[in-house]
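**Student:** This is the structure I want to talk about, given as structure tokens.
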Amino acid sequence: MKFEKLTAKLAYSQLKINRRRSLWTLFGVVLSTAMLTAVYGFVTSGIAAVVSFRDGDDAFIETYSEILIGVGAVLSGIIAATAVIVMSNAFRISAAERTRQFGILKSVGATRQQIRQTVMYEALLLSAVGIPVGVVAGLLVQFLGLQIAEFFLAGVNQLLGDNPIIIPFVVAWQAILVAIVAAFATIMLSAWLPAWKGAKIPAIAAIRNADEVKLKARKMCSGWFDKTVGKIFGFEGQLAAKSVKRNKRNLRATVVSITVSIVLFIAATSVGGQMQRAINLRFIDSDINVAGIFFSSALTDPETGERQSLMIDSALSEEITSRLREFPNTTVVGFGREIDDFWAIIPAEYLTAAAQNHFPQDEDGDFAMQVTLITVDSATYAELCQLAGVPLGSNILVNQFRGYDWENNRLVEFTPHIWNGQTLINLREPGEFYELPLHGELRNLPAELLEIAGNQFVVIVPELVVRDYTWLAATEDSWGFGGYMHALFSETFTPKIENWVEQGFHADFNVIDFATNAANERSLVQLIMVFVYGFVAMLTLIGLTNVISTISTNVRSRFREFAALQSVGMTHEGIGRMLNLESVLCSAKSLILGLPIGVGVSFFTHSTMERSFAFEYAVPWLAILQCVAAVFLITWITMRYSATQLRGHSIVEEVR
Amino acid sequence: MAILEVNNLTKTYGKGDTTVTALGGVSFSVNKGEFVAIIGASGSGKSTLMHLIGGVDRPTSGNVIVDGKDIFESNESELAIFRRRNIGIVYQFYNLIPTLTTTENIMLPYLLDNRKPDQSKLTSILDAIGLANRAEHLPNELSGGQQQRVSVGRALINDPALILADEPTGNLDSKSGREIIDLLKLANKQYNQTLLIITHDEKIALQADRIITISDGLILRDEEVR
């Protein structure tokens with residue numbers, strides 16, 4: 001290549017001389033551009049998917065487009081920040097190498113601006129090649145990513161039927177333009193500071209060949225750190241510690257980029273695990289995998305002033321339950337609840353300390369509690385009576401509470417009532433009082449009925465007419481059973497509901513297939529995880545380009561030092577050991593920084609998720625272990641790689 | 001006519017107790033076409049003087065007037081442009097740009113000025129330094145003496161008001177050293193170039209019109225040789 005402009009030519013020859021480092025920097029440029037292009041491409045495709053999914057629903061489209069753009073902005077911010085850290089380091093090293101050259105140029109009359117130009121041209125040349133390649137690579141990533149997404153969405157789409165989620169491969173010139181501008185700005189920003197600093201070095205200092213590495217005596221005296229490392233690893237260890245300290249600036253970008261990758265990896269793995277567990281908790285607490293719900297809202301009749309609902313009496317619910325049980329290999333539990341307007345005033349002495357703590361107290365020291373009456377299917381009722389040790393026809397107090405403590409942000413479970421055998425409670429309807437005898441108590445509900453323990457005061461009664469009935473089934477064929485249940489509900493309820501709705505009331509039924517839902521949610525989470533890991537991997541790769549280019553530059557610029565060490569009798573193995581220790585120290589540093597932050601982030605996401613799903617926080621040990629192994633492996637390989645560059649250098653050549 | 005005037009030039013480094021005076025008030029003037037050798041022990045301040053005259057460094061006080069212009073009145077960019085047009089510098093360690101060819105290194109002051117190279121001037125310089133057949137070589141393909149001749153060529157290309165040479169033979173064998181001095185003397189005689197050489201070498205100093213001896217940052221002697 002021929003350049004008319006001197007500054008461009010100098011930049012080009014600098015790139016050519018350090019071909020290997022230039023290639024790594026170029027690789028970094030390509031990767032950053034590719035990631036930016038891919039992120040913006042995914043956002044574009046995502047918006048297109050949202051539009052086709054809910055065509056015409058402008059509010060929905062706007063909300064989700066904003067979310068997608070927001071996520072895209074955050075991700076591209078992370079990419080740009082990492083890229084700036086990594087690439088500015090490459091440019092800084094490149095500029096530092098030429099300190100002397102800048103001095104010569106200055107002494108023969110180059111201005112600051114011309115010196116800056118030579119560095120900026122370097123960035124310009126790298127951009128000219130790297131950005132177009134990066135854009136193409138980014139589109140490829142977008143395309144492949146969407147294929148993967150389609151694969152994971154197959155199950156969800158089967159369920160959605162007529163209106164599946166389709167994420168089209170869209171290439172928007174606006175998105176590409178934004179990616180190019182962002183990548184270019186990132187690269188220019190990376191080069192700007194080193195260019196500016198390089199130009200500021202006075203000519204005289206540059207001519208005197210003042211190295212960039214200015215050793216401050218204060219800093220270089222043996223600290224406790226060197227001594228400790230020295231004690232453990234011998235003299236080579238001490239030297240390694242010193243040189244890591246001395247090359248702090250060169251290694252900083254490496255440490256930061258590895259740290260960012262560690263944080264993202266741990267946080268992502270941990271959050272993914274938490275999401276999976278949340279899904280399991282929601283769906284797989286027991287063997288229940290299909291639920292059918294009938295629900296009718298209570299409305300006041302405008303003519304008579306009476307409150308009306310479409311009710312299910314025990315005869316109807318029993319009939320449905322027995323027909324559901326006809327499905328092979330399936331167990332069914334049915335329960336209905338009445339939650340309307342029943343209140344009881346409970347004196348404090350009838351409640352345990354835990355309950356007194358949890359429920360709000362009246363001014364006069366009593367507890368006003370909403371009473372939920374529950375009816376269960378006859379077979380289950382018989383079982384419950386047996387469990388409670390009472391005869392059929394008894395009212396059974398559910399003496400078990402399971403709910404969320406909003407003050408302390410945790411799930412609580414306790415025995416609320418002090419059972420004295422025959423507590424009578426007052427059921428207060430507006431203006432009326434009933435007395436309900438309680439014949440027995442249950443402290444441990446069967447797993448499939450645990451859901452009802454979430455109410456304040458629960459009593460299971462033999463018979464009840466309710467407007468809200470739920471059937472929970474554990475079946476081997478959730479798909480088939482779901483269909484069977486749906487057909488049965490349609491046959492039983494649809495005529496009633498139609499009639500009811502005509503009168504201006506509301507009622508509906510719903511069949512939920514937990515297993516399929518859970519599988520779909522799980523595959524969505526997996527899809528997200530695939531993308532998150534892809535993102536982390538690419539980010540790590542950007543960091544790696546820096547690690548390799550820094551370390552190889554480092555080793556090359558230290559040939560003299562190595563030669564000097566060899567000339568005073570250090571063996572080749574000793575130097576190898578020193579390099580290995582340097583890599584270990586470097587890795588250790590990023591791990592010490594990255595691991596706590598990553599665990600902290602995962603702890604934070606857990607505490608936000610805990611509001612909805614109760615599970616203990618688990619330290620992501622596996623992810624931490626993987627990180628430690630990966631980081632050490634990576635630095636070890638790169639150090640090995642650079643050590644191979646050591647061979648073939650004689651002492652005499654370097655020590656003169 | 002004085003092409004260079006140095007007035008009471010001082011340069012100190014550091015502050016307070018650790019102040020080091022490199023140059024303690026030096027004054028002299030050089031006429032156009034003069035060949036001046038500056039000698040002194042190492043650490044005497046002669047390199048500092050040279051850097052100040054070349055406008056590479058700034059003095060603590062005093063001024064340097066080249067061709068009637070006080071160079072330190074300009075800002076950094078103006079000074080850089082002044083250097084590329086008026087001063088030719090030859091260093092002990094050649095200081096060539098390793099990625100540029102012989103021709104490009106010689107043309108450097110022109111290229112920095114974004115001016116079209118003067119081809120005939122270049123040819124005559126390449127002939128004068130005897131590197132016409134090495135025009136497209138890179139510095140590391142040349143011997144030390146050849147590299148130093150390139151740097152002399154670079155100093156000559158712009159017909160500078162002043163050529164400054166800092167120990168130009170210090171890193172060369174005696175034969176190559178002699179060639180460099182001959183080259184500089186030729187420029188001095190043939191083109192009436194003003195030449196300032198800093199040197200240790202008595203034999204080189206004796207070839208000058210005038211020898212200035214520096215010691216501890218002051219002029220010890222300033223004598224016409226012939």
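Each chain in the structure tokens gets a letter, A, B and so on, in the order shown; residues start at 1 in every chain, and ligands are counted from 1 in the order they appear.
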Per residue of chain B within 10 Å of chain A, what are the shortest atom pair and its distance in Å to one decimal, counting only C-alpha atoms, with rows by chain and residue number, as JSON lines?
**Tutor:**
```
{"residue": "B:Thr48", "atom": "CA", "partner": "A:Ile204", "partner_atom": "CA", "distance": 9.6}
{"residue": "B:His51", "atom": "CA", "partner": "A:Ile204", "partner_atom": "CA", "distance": 7.4}
{"residue": "B:Leu52", "atom": "CA", "partner": "A:Ile204", "partner_atom": "CA", "distance": 9.7}
{"residue": "B:Gly54", "atom": "CA", "partner": "A:Ser107", "partner_atom": "CA", "distance": 7.9}
{"residue": "B:Gly55", "atom": "CA", "partner": "A:Ser107", "partner_atom": "CA", "distance": 8.0}
{"residue": "B:Val56", "atom": "CA", "partner": "A:Ile204", "partner_atom": "CA", "distance": 5.8}
{"residue": "B:Asp57", "atom": "CA", "partner": "A:Ile204", "partner_atom": "CA", "distance": 6.0}
{"residue": "B:Arg58", "atom": "CA", "partner": "A:Ile204", "partner_atom": "CA", "distance": 9.5}
{"residue": "B:Glu76", "atom": "CA", "partner": "A:Thr111", "partner_atom": "CA", "distance": 7.5}
{"residue": "B:Ser77", "atom": "CA", "partner": "A:Thr111", "partner_atom": "CA", "distance": 5.1}
{"residue": "B:Glu78", "atom": "CA", "partner": "A:Thr111", "partner_atom": "CA", "distance": 8.1}
{"residue": "B:Leu79", "atom": "CA", "partner": "A:Gly109", "partner_atom": "CA", "distance": 7.7}
{"residue": "B:Ala80", "atom": "CA", "partner": "A:Gly109", "partner_atom": "CA", "distance": 4.2}
{"residue": "B:Ile81", "atom": "CA", "partner": "A:Gly109", "partner_atom": "CA", "distance": 5.4}
{"residue": "B:Phe82", "atom": "CA", "partner": "A:Gly109", "partner_atom": "CA", "distance": 7.0}
{"residue": "B:Arg83", "atom": "CA", "partner": "A:Gly109", "partner_atom": "CA", "distance": 4.8}
{"residue": "B:Arg84", "atom": "CA", "partner": "A:Gly109", "partner_atom": "CA", "distance": 4.0}
{"residue": "B:Arg85", "atom": "CA", "partner": "A:Gly109", "partner_atom": "CA", "distance": 7.7}
{"residue": "B:Asn86", "atom": "CA", "partner": "A:Gly109", "partner_atom": "CA", "distance": 9.4}
{"residue": "B:Ile87", "atom": "CA", "partner": "A:Val108", "partner_atom": "CA", "distance": 7.8}
{"residue": "B:Gly88", "atom": "CA", "partner": "A:Val108", "partner_atom": "CA", "distance": 7.3}
{"residue": "B:Ile89", "atom": "CA", "partner": "A:Val108", "partner_atom": "CA", "distance": 7.2}
{"residue": "B:Val90", "atom": "CA", "partner": "A:Val108", "partner_atom": "CA", "distance": 9.8}
{"residue": "B:Tyr91", "atom": "CA", "partner": "A:Ile207", "partner_atom": "CA", "distance": 9.4}
{"residue": "B:Phe93", "atom": "CA", "partner": "A:Ile207", "partner_atom": "CA", "distance": 9.7}
{"residue": "B:Tyr94", "atom": "CA", "partner": "A:Ile104", "partner_atom": "CA", "distance": 9.5}
{"residue": "B:Asn95", "atom": "CA", "partner": "A:Ile104", "partner_atom": "CA", "distance": 6.1}
{"residue": "B:Leu96", "atom": "CA", "partner": "A:Ile104", "partner_atom": "CA", "distance": 7.3}
{"residue": "B:Ile97", "atom": "CA", "partner": "A:Gln101", "partner_atom": "CA", "distance": 6.2}
{"residue": "B:Pro98", "atom": "CA", "partner": "A:Gln101", "partner_atom": "CA", "distance": 8.3}
{"residue": "B:Thr99", "atom": "CA", "partner": "A:Ser13", "partner_atom": "CA", "distance": 5.9}
{"residue": "B:Leu100", "atom": "CA", "partner": "A:Leu10", "partner_atom": "CA", "distance": 7.7}
{"residue": "B:Glu104", "atom": "CA", "partner": "A:Leu6", "partner_atom": "CA", "distance": 9.0}
{"residue": "B:Leu108", "atom": "CA", "partner": "A:Val108", "partner_atom": "CA", "distance": 7.6}
{"residue": "B:Pro109", "atom": "CA", "partner": "A:Val108", "partner_atom": "CA", "distance": 6.1}
{"residue": "B:Tyr110", "atom": "CA", "partner": "A:Gly109", "partner_atom": "CA", "distance": 9.7}
{"residue": "B:Leu111", "atom": "CA", "partner": "A:Leu6", "partner_atom": "CA", "distance": 6.1}
{"residue": "B:Leu112", "atom": "CA", "partner": "A:Ala110", "partner_atom": "CA", "distance": 6.1}
{"residue": "B:Asp113", "atom": "CA", "partner": "A:Ala110", "partner_atom": "CA", "distance": 8.3}
{"residue": "B:Asn114", "atom": "CA", "partner": "A:Lys5", "partner_atom": "CA", "distance": 7.7}
{"residue": "B:Arg154", "atom": "CA", "partner": "A:Val108", "partner_atom": "CA", "distance": 8.7}
{"residue": "B:Ala155", "atom": "CA", "partner": "A:Val108", "partner_atom": "CA", "distance": 8.5}
```
**Student:** Go ahead and save the residues from that selection, with N, CA and C atoms, as a short mmCIF file (atom, residue, chain, number, x, y, z; two decimals), in the first residue's frame.
**Tutor:**
```cif
data_model
loop_
_atom_site.label_atom_id
_atom_site.label_comp_id
_atom_site.auth_asym_id
_atom_site.auth_seq_id
_atom_site.Cartn_x
_atom_site.Cartn_y
_atom_site.Cartn_z
N THR B 48 22.73 20.11 26.54
CA THR B 48 21.60 20.96 26.90
C THR B 48 21.58 22.20 26.00
N HIS B 51 20.31 21.27 22.59
CA HIS B 51 18.85 21.06 22.55
C HIS B 51 18.11 22.38 22.59
N LEU B 52 18.66 23.34 23.34
CA LEU B 52 18.01 24.64 23.42
C LEU B 52 18.11 25.38 22.09
N GLY B 54 18.38 24.04 19.25
CA GLY B 54 17.53 23.35 18.29
C GLY B 54 16.04 23.52 18.57
N GLY B 55 15.72 24.18 19.68
CA GLY B 55 14.30 24.39 20.00
C GLY B 55 13.59 23.13 20.42
N VAL B 56 14.36 22.12 20.81
CA VAL B 56 13.75 20.88 21.26
C VAL B 56 13.35 21.00 22.73
N ASP B 57 14.07 21.82 23.45
CA ASP B 57 13.83 22.03 24.87
C ASP B 57 13.66 23.54 25.09
N ARG B 58 13.06 23.90 26.21
CA ARG B 58 12.89 25.32 26.51
C ARG B 58 13.79 25.73 27.68
N GLU B 76 4.33 25.88 20.83
CA GLU B 76 4.96 24.60 20.48
C GLU B 76 4.85 24.25 19.02
N SER B 77 3.65 24.46 18.45
CA SER B 77 3.46 24.11 17.04
C SER B 77 4.31 24.99 16.13
N GLU B 78 4.36 26.28 16.46
CA GLU B 78 5.18 27.20 15.64
C GLU B 78 6.65 26.81 15.72
N LEU B 79 7.04 26.40 16.93
CA LEU B 79 8.43 25.98 17.14
C LEU B 79 8.75 24.75 16.29
N ALA B 80 7.76 23.82 16.26
CA ALA B 80 7.95 22.61 15.46
C ALA B 80 8.12 22.97 14.00
N ILE B 81 7.28 23.88 13.54
CA ILE B 81 7.36 24.28 12.12
C ILE B 81 8.67 25.02 11.87
N PHE B 82 9.09 25.85 12.83
CA PHE B 82 10.39 26.55 12.72
C PHE B 82 11.51 25.52 12.58
N ARG B 83 11.46 24.47 13.41
CA ARG B 83 12.51 23.44 13.37
C ARG B 83 12.58 22.78 12.02
N ARG B 84 11.42 22.41 11.50
CA ARG B 84 11.46 21.65 10.26
C ARG B 84 11.96 22.50 9.10
N ARG B 85 11.85 23.82 9.21
CA ARG B 85 12.26 24.68 8.09
C ARG B 85 13.64 25.29 8.26
N ASN B 86 14.10 25.44 9.51
CA ASN B 86 15.32 26.22 9.72
C ASN B 86 16.47 25.49 10.38
N ILE B 87 16.20 24.33 10.97
CA ILE B 87 17.26 23.65 11.70
C ILE B 87 17.46 22.24 11.14
N GLY B 88 18.71 21.85 10.99
CA GLY B 88 18.99 20.46 10.67
C GLY B 88 19.75 19.86 11.83
N ILE B 89 19.25 18.75 12.34
CA ILE B 89 19.89 18.16 13.51
C ILE B 89 20.46 16.78 13.18
N VAL B 90 21.70 16.54 13.63
CA VAL B 90 22.31 15.22 13.48
C VAL B 90 22.65 14.72 14.88
N TYR B 91 22.14 13.53 15.21
CA TYR B 91 22.37 12.99 16.56
C TYR B 91 23.42 11.90 16.53
N PHE B 93 23.05 8.96 17.80
CA PHE B 93 22.46 7.66 17.47
C PHE B 93 21.52 7.74 16.26
N TYR B 94 21.89 8.55 15.29
CA TYR B 94 21.21 8.69 13.99
C TYR B 94 19.76 9.12 14.08
N ASN B 95 18.96 8.44 14.97
CA ASN B 95 17.56 8.78 15.11
C ASN B 95 16.80 8.85 13.80
N LEU B 96 16.86 7.74 13.07
CA LEU B 96 16.05 7.64 11.86
C LEU B 96 14.74 6.94 12.21
N ILE B 97 13.71 7.16 11.37
CA ILE B 97 12.46 6.44 11.58
C ILE B 97 12.62 5.07 10.94
N PRO B 98 12.54 4.00 11.76
CA PRO B 98 12.89 2.67 11.25
C PRO B 98 11.98 2.17 10.13
N THR B 99 10.78 2.74 10.04
CA THR B 99 9.84 2.22 9.04
C THR B 99 9.89 3.00 7.73
N LEU B 100 10.75 4.01 7.66
CA LEU B 100 10.82 4.80 6.43
C LEU B 100 12.12 4.49 5.68
N GLU B 104 12.75 8.57 2.18
CA GLU B 104 11.70 9.14 3.01
C GLU B 104 12.26 9.78 4.28
N LEU B 108 11.94 13.75 5.29
CA LEU B 108 11.02 13.90 6.42
C LEU B 108 10.59 15.35 6.69
N PRO B 109 11.52 16.31 6.75
CA PRO B 109 11.07 17.70 7.01
C PRO B 109 10.12 18.22 5.93
N TYR B 110 10.35 17.79 4.69
CA TYR B 110 9.47 18.18 3.59
C TYR B 110 8.10 17.55 3.78
N LEU B 111 8.12 16.21 4.05
CA LEU B 111 6.87 15.47 4.18
C LEU B 111 6.01 16.01 5.31
N LEU B 112 6.68 16.38 6.42
CA LEU B 112 5.94 16.93 7.54
C LEU B 112 5.31 18.26 7.17
N ASP B 113 5.92 18.93 6.21
CA ASP B 113 5.42 20.22 5.76
C ASP B 113 4.36 20.07 4.67
N ASN B 114 4.08 18.79 4.32
CA ASN B 114 3.15 18.50 3.22
C ASN B 114 3.55 19.22 1.93
N ARG B 154 19.24 14.30 5.89
CA ARG B 154 17.99 14.85 6.41
C ARG B 154 18.21 16.27 6.92
N ALA B 155 19.40 16.49 7.52
CA ALA B 155 19.70 17.81 8.06
C ALA B 155 19.92 18.83 6.95
#
```
**Student:** Give me, as a PDB file with N, CA and C atoms, in the first residue's frame, all polymer residues having an atom no more than 9 Å from Asn63 in chain B, counting only C-alpha atoms and skipping those fewer than 6 positions away in the same chain.
**Tutor:**
```pdb
ATOM      1  N   GLU B   5      22.136  34.022  17.691  1.00  0.00           N
ATOM      2  CA  GLU B   5      22.536  34.770  18.877  1.00  0.00           C
ATOM      3  C   GLU B   5      22.007  34.049  20.104  1.00  0.00           C
ATOM      4  N   VAL B   6      22.909  33.749  21.036  1.00  0.00           N
ATOM      5  CA  VAL B   6      22.494  33.106  22.281  1.00  0.00           C
ATOM      6  C   VAL B   6      22.735  34.109  23.389  1.00  0.00           C
ATOM      7  N   ASN B   7      21.656  34.517  24.101  1.00  0.00           N
ATOM      8  CA  ASN B   7      21.776  35.551  25.115  1.00  0.00           C
ATOM      9  C   ASN B   7      21.467  35.031  26.513  1.00  0.00           C
ATOM     10  N   ASN B   8      22.517  34.986  27.325  1.00  0.00           N
ATOM     11  CA  ASN B   8      22.349  34.684  28.751  1.00  0.00           C
ATOM     12  C   ASN B   8      21.451  33.469  29.003  1.00  0.00           C
ATOM     13  N   LEU B   9      21.717  32.400  28.281  1.00  0.00           N
ATOM     14  CA  LEU B   9      20.859  31.214  28.315  1.00  0.00           C
ATOM     15  C   LEU B   9      21.102  30.393  29.594  1.00  0.00           C
ATOM     16  N   THR B  10      20.022  30.126  30.349  1.00  0.00           N
ATOM     17  CA  THR B  10      20.124  29.330  31.579  1.00  0.00           C
ATOM     18  C   THR B  10      19.129  28.182  31.513  1.00  0.00           C
ATOM     19  N   ASP B  70      13.384  35.454  17.738  1.00  0.00           N
ATOM     20  CA  ASP B  70      13.493  34.805  19.042  1.00  0.00           C
ATOM     21  C   ASP B  70      12.628  33.548  19.025  1.00  0.00           C
ATOM     22  N   ILE B  71      13.276  32.376  18.991  1.00  0.00           N
ATOM     23  CA  ILE B  71      12.510  31.146  18.748  1.00  0.00           C
ATOM     24  C   ILE B  71      11.575  30.796  19.900  1.00  0.00           C
ATOM     25  N   PHE B  72      11.900  31.189  21.120  1.00  0.00           N
ATOM     26  CA  PHE B  72      11.060  30.766  22.255  1.00  0.00           C
ATOM     27  C   PHE B  72       9.839  31.656  22.448  1.00  0.00           C
ATOM     28  N   GLU B  73       9.693  32.652  21.579  1.00  0.00           N
ATOM     29  CA  GLU B  73       8.462  33.429  21.620  1.00  0.00           C
ATOM     30  C   GLU B  73       7.314  32.671  20.938  1.00  0.00           C
TER      31      GLU B  73
END
```
**Student:** Any idea what's packed within 7 Å of Gln400 in chain A, counting only C-alpha atoms, ignoring anything in its chain fewer than 4 positions away? Could you give it as a PDB file with all heavy atoms, in the first residue's frame?
**Tutor:**
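Wrote it out as around33.pdb, contents follow:
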```pdb
ATOM      1  N   PHE A 414     -46.088 -21.074  59.335  1.00  0.00           N
ATOM      2  CA  PHE A 414     -46.228 -21.304  60.787  1.00  0.00           C
ATOM      3  C   PHE A 414     -47.615 -21.850  61.120  1.00  0.00           C
ATOM      4  O   PHE A 414     -48.517 -21.887  60.284  1.00  0.00           O
ATOM      5  CB  PHE A 414     -45.945 -20.011  61.567  1.00  0.00           C
ATOM      6  CG  PHE A 414     -46.780 -18.827  61.147  1.00  0.00           C
ATOM      7  CD1 PHE A 414     -48.068 -18.648  61.648  1.00  0.00           C
ATOM      8  CD2 PHE A 414     -46.267 -17.881  60.252  1.00  0.00           C
ATOM      9  CE1 PHE A 414     -48.832 -17.559  61.261  1.00  0.00           C
ATOM     10  CE2 PHE A 414     -47.031 -16.799  59.874  1.00  0.00           C
ATOM     11  CZ  PHE A 414     -48.320 -16.628  60.369  1.00  0.00           C
ATOM     12  N   THR A 415     -47.772 -22.270  62.382  1.00  0.00           N
ATOM     13  CA  THR A 415     -49.059 -22.721  62.903  1.00  0.00           C
ATOM     14  C   THR A 415     -49.722 -21.510  63.536  1.00  0.00           C
ATOM     15  O   THR A 415     -49.218 -20.989  64.527  1.00  0.00           O
ATOM     16  CB  THR A 415     -48.822 -23.808  63.974  1.00  0.00           C
ATOM     17  OG1 THR A 415     -48.033 -24.840  63.388  1.00  0.00           O
ATOM     18  CG2 THR A 415     -50.127 -24.383  64.469  1.00  0.00           C
ATOM     19  N   PRO A 416     -50.840 -21.037  63.014  1.00  0.00           N
ATOM     20  CA  PRO A 416     -51.364 -19.756  63.508  1.00  0.00           C
ATOM     21  C   PRO A 416     -52.216 -19.866  64.789  1.00  0.00           C
ATOM     22  O   PRO A 416     -52.189 -18.970  65.615  1.00  0.00           O
ATOM     23  CB  PRO A 416     -52.195 -19.236  62.342  1.00  0.00           C
ATOM     24  CG  PRO A 416     -52.555 -20.429  61.531  1.00  0.00           C
ATOM     25  CD  PRO A 416     -51.499 -21.457  61.764  1.00  0.00           C
ATOM     26  N   ARG A 443     -52.636 -29.788  60.756  1.00  0.00           N
ATOM     27  CA  ARG A 443     -51.421 -28.958  60.769  1.00  0.00           C
ATOM     28  C   ARG A 443     -50.553 -29.199  59.545  1.00  0.00           C
ATOM     29  O   ARG A 443     -49.663 -28.410  59.246  1.00  0.00           O
ATOM     30  CB  ARG A 443     -50.603 -29.233  62.023  1.00  0.00           C
ATOM     31  CG  ARG A 443     -51.358 -28.734  63.243  1.00  0.00           C
ATOM     32  CD  ARG A 443     -50.465 -28.574  64.424  1.00  0.00           C
ATOM     33  NE  ARG A 443     -51.245 -27.965  65.498  1.00  0.00           N
ATOM     34  CZ  ARG A 443     -50.711 -27.539  66.618  1.00  0.00           C
ATOM     35  NH1 ARG A 443     -49.425 -27.646  66.809  1.00  0.00           N
ATOM     36  NH2 ARG A 443     -51.461 -27.003  67.541  1.00  0.00           N
ATOM     37  N   ASN A 444     -50.789 -30.343  58.898  1.00  0.00           N
ATOM     38  CA  ASN A 444     -49.988 -30.609  57.691  1.00  0.00           C
ATOM     39  C   ASN A 444     -50.897 -31.043  56.563  1.00  0.00           C
ATOM     40  O   ASN A 444     -51.346 -32.162  56.511  1.00  0.00           O
ATOM     41  CB  ASN A 444     -48.951 -31.696  57.967  1.00  0.00           C
ATOM     42  CG  ASN A 444     -47.847 -31.192  58.856  1.00  0.00           C
ATOM     43  OD1 ASN A 444     -47.173 -30.223  58.519  1.00  0.00           O
ATOM     44  ND2 ASN A 444     -47.703 -31.813  60.023  1.00  0.00           N
ATOM     45  N   ALA A 453     -53.470 -22.989  52.096  1.00  0.00           N
ATOM     46  CA  ALA A 453     -52.883 -22.495  53.341  1.00  0.00           C
ATOM     47  C   ALA A 453     -52.458 -21.033  53.218  1.00  0.00           C
ATOM     48  O   ALA A 453     -52.019 -20.426  54.187  1.00  0.00           O
ATOM     49  CB  ALA A 453     -51.681 -23.346  53.741  1.00  0.00           C
TER      50      ALA A 453
END
```
**Student:** From a DSSP pass on the backbone, collect the residues of range 410-504 of chain A flagged as strand (DSSP E) and hand them back as a ChimeraX atom specification.
**Tutor:** /A:410-414,424-429,432-437,440-442,457-460,468-475
**Student:** Determine the nearest neighbour of Ser47 in chain B from the options B:Asn171, B:Arg115, B:Ala165, B:Ser61, counting only C-alpha atoms.
**Tutor:**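 Looking at the shortest contact to Ser47 in chain B, the residue is B:Ala165.
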**Student:** CA of Phe91 in chain A and CA of Leu36 in chain A, how far apart in Å?
**Tutor:**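 That distance, rounded to one decimal, is 20.7 Å.
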**Student:** Restrict the calculation to only C-alpha atoms, then for each residue of range 96-210 of chain B with any atom at most 8 Å from an atom of range 220-226 of chain B give the closest atom pair and their distance in Å to one decimal, rows by chain and rising residue number, as a tab-separated table.
**Tutor:**
```
residue	atom	partner	partner_atom	distance
B:Leu206	CA	B:Val225	CA	7.1
B:Ala208	CA	B:Val225	CA	6.9
B:Asp209	CA	B:Val225	CA	5.3
B:Arg210	CA	B:Glu224	CA	4.3
```
**Student:** Give me, as a ChimeraX atom specification, all polymer residues having an atom no more than 8 Å from Trp479 in chain A, counting only C-alpha atoms and skipping those fewer than 3 positions away in the same chain.
**Tutor:** /A:482-483,513,516
